[in-house]
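Below: one structure, written as structure tokens.
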Amino acid sequence: KYSNLIMGAVFLAPIRIIIFIFLLISCNLIVKLILLLESLNFNLNTLGLTKAVIRFCNRLVLIIFGFYKINKTIKIFPSNVKTCTKNNSCNTSLIISNHVSFVDIFYFMATERNVCFVAKAETLKIPIIGLLAKIIGCIFVDRTNPESRKHVVSEIQNRFKNGIESKIVFFPEGTTTNGKAILPFKKGVFLSRLPFKLVGLSYSSEGVYPAFTSINMLIEIFGLFCNFQNKIKVTE
């Protein structure tokens with residue numbers, strides 16, 4: 001295991017880091033170019049084009065991190081549990097998921113056609129990431145302000161009523177875990193009383209575990225770059 005990590009750190013990580021930085025800068029420039037064309041009144045579906053670019057870039061990010069394949073399982077609920085099916089359809093514009101790693105964000109942005117997140121307000125201050133979060137329509141919450149949380153619930157309800165296509169991803173645990181258990185859910189988003197889809201994420205790796213635990217996040221990211229392969233399992 002350690003020899004593979006050393007090999008990955010020497011030969012694999014530098015290449016992946018360079019590609020990742022190039023991809024991040026390229027995505028940012030392309031998005032800004034699209035926004036510039038919009039300001040010049042070019043006849044383009046700028047929002048749809050922007051989201052398509054972001055989705056494509058996030059799929060590449062997963063590959064760069066070694067997530068070459070996504071294993072997805074569809075859970076069959078008991079007959080007495082009300083679910084949304086083809087014959088009993090409902091607008092599940094809300095996605096509830098456990099929060100294990102920063103990779104969760106890349107997964108949803110790479111696999112969902114239109115998606116945004118309930119994110120902490122500090123996200124806006126992160127270079128490039130803040131801009132992309134604003135463009136895709138994230139709902140920002142100030143954790144120190146109770147009124148901000150009420151605004152989040154109201155905004156989710158308004159988007160649902162107005163038929164906005166974007167799906168909203170919410171991590172009700174409020175923080176990341178080691179992926180071995182689920183923390184008690186914060187009730188905030190459930191106050192909207194809207195139908196939702198449950199998603200469970202779990203990771204595995206022979207090297208550095210993708211879950212964001214007690215180590216520094218930069219070390220965690222570098223460790224994933226060193227892994228030859230990482231795996232993600234999705235249960236819906």
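Here, A, B, ... name the chains of the structure tokens in the order displayed, residue numbers run from 1 inside each chain, and ligands are numbered from 1 in the same displayed order.
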Report as number ranges by chain all protein, DNA and RNA residues lying within 12 Å of Ile15 in chain A, evaluated on only C-alpha atoms, omitting residues in the same chain fewer than 4 positions from it. A: 8-11, 19-22, 64-65, 222, 225-226
From range 73-181 of chain A, collect each residue whose DSSP state is strand (DSSP E) and return the set as a PDB file with C-alpha atoms, in the first residue's frame.
ATOM      1  CA  THR A  73     -27.623   0.878  -6.998  1.00  0.00           C
ATOM      2  CA  LEU A  94     -34.744  18.193  -3.843  1.00  0.00           C
ATOM      3  CA  ILE A  95     -31.907  15.713  -3.267  1.00  0.00           C
ATOM      4  CA  ILE A  96     -30.991  14.694   0.283  1.00  0.00           C
ATOM      5  CA  SER A  97     -27.567  13.093   0.656  1.00  0.00           C
ATOM      6  CA  VAL A 115     -28.047  20.959 -10.050  1.00  0.00           C
ATOM      7  CA  CYS A 116     -27.226  23.473  -7.342  1.00  0.00           C
ATOM      8  CA  PHE A 117     -26.516  23.229  -3.628  1.00  0.00           C
ATOM      9  CA  VAL A 118     -27.461  24.682  -0.294  1.00  0.00           C
ATOM     10  CA  ALA A 119     -24.014  25.987   0.588  1.00  0.00           C
ATOM     11  CA  LYS A 120     -22.443  28.015   3.352  1.00  0.00           C
ATOM     12  CA  ILE A 139     -28.610  28.920  -2.200  1.00  0.00           C
ATOM     13  CA  PHE A 140     -26.282  30.372   0.408  1.00  0.00           C
ATOM     14  CA  VAL A 141     -26.869  30.171   4.137  1.00  0.00           C
ATOM     15  CA  LYS A 167     -32.312  20.174  -8.588  1.00  0.00           C
ATOM     16  CA  ILE A 168     -31.199  21.308  -5.161  1.00  0.00           C
ATOM     17  CA  VAL A 169     -28.749  19.131  -3.232  1.00  0.00           C
ATOM     18  CA  PHE A 170     -28.776  19.410   0.537  1.00  0.00           C
TER      19      PHE A 170
END
Give the helix (DSSP H, G or I) residues of range 37-178 of chain A, as DSSP finds them on the backbone, and put them as a PyMOL selection string. chain A and resi 37-39+46-64+103-111+121-125+129-135+146-161
Show which residues sit within 9 Å of range 47-50 of chain A, as a PyMOL selection string. Count only C-alpha atoms, and ignore same-chain residues fewer than 6 positions away. chain A and resi 30-31+34-35+114+135-136
Residues near Gln157 in chain A, anyone? I mean within 10 Å using only C-alpha atoms, not counting same-chain ones fewer than 6 positions away, as an MDAnalysis selection string. chainID A and resid 151 189 191:194
If you keep N, CA, C and O atoms, can you produce a file of those selected residues as a CSV table (one decimal), in the first residue's frame?
chain,number,residue,atom,x,y,z
A,151,HIS,N,-34.7,31.9,5.2
A,151,HIS,CA,-34.6,32.4,3.8
A,151,HIS,C,-34.4,31.2,2.9
A,151,HIS,O,-34.9,31.1,1.8
A,189,VAL,N,-34.2,22.0,6.0
A,189,VAL,CA,-34.7,21.9,4.7
A,189,VAL,C,-36.0,21.1,4.7
A,189,VAL,O,-36.9,21.2,3.8
A,191,LEU,N,-38.4,21.4,6.5
A,191,LEU,CA,-39.6,22.3,6.8
A,191,LEU,C,-40.2,22.8,5.6
A,191,LEU,O,-41.4,23.2,5.6
A,192,SER,N,-39.6,22.6,4.4
A,192,SER,CA,-40.2,23.0,3.2
A,192,SER,C,-41.3,22.0,2.8
A,192,SER,O,-42.1,22.3,1.9
A,193,ARG,N,-41.3,20.8,3.4
A,193,ARG,CA,-42.3,19.8,3.1
A,193,ARG,C,-42.5,19.4,1.6
A,193,ARG,O,-43.5,19.2,1.1
A,194,LEU,N,-41.3,19.4,1.0
A,194,LEU,CA,-41.3,19.1,-0.5
A,194,LEU,C,-40.8,17.6,-0.7
A,194,LEU,O,-40.1,17.1,0.2
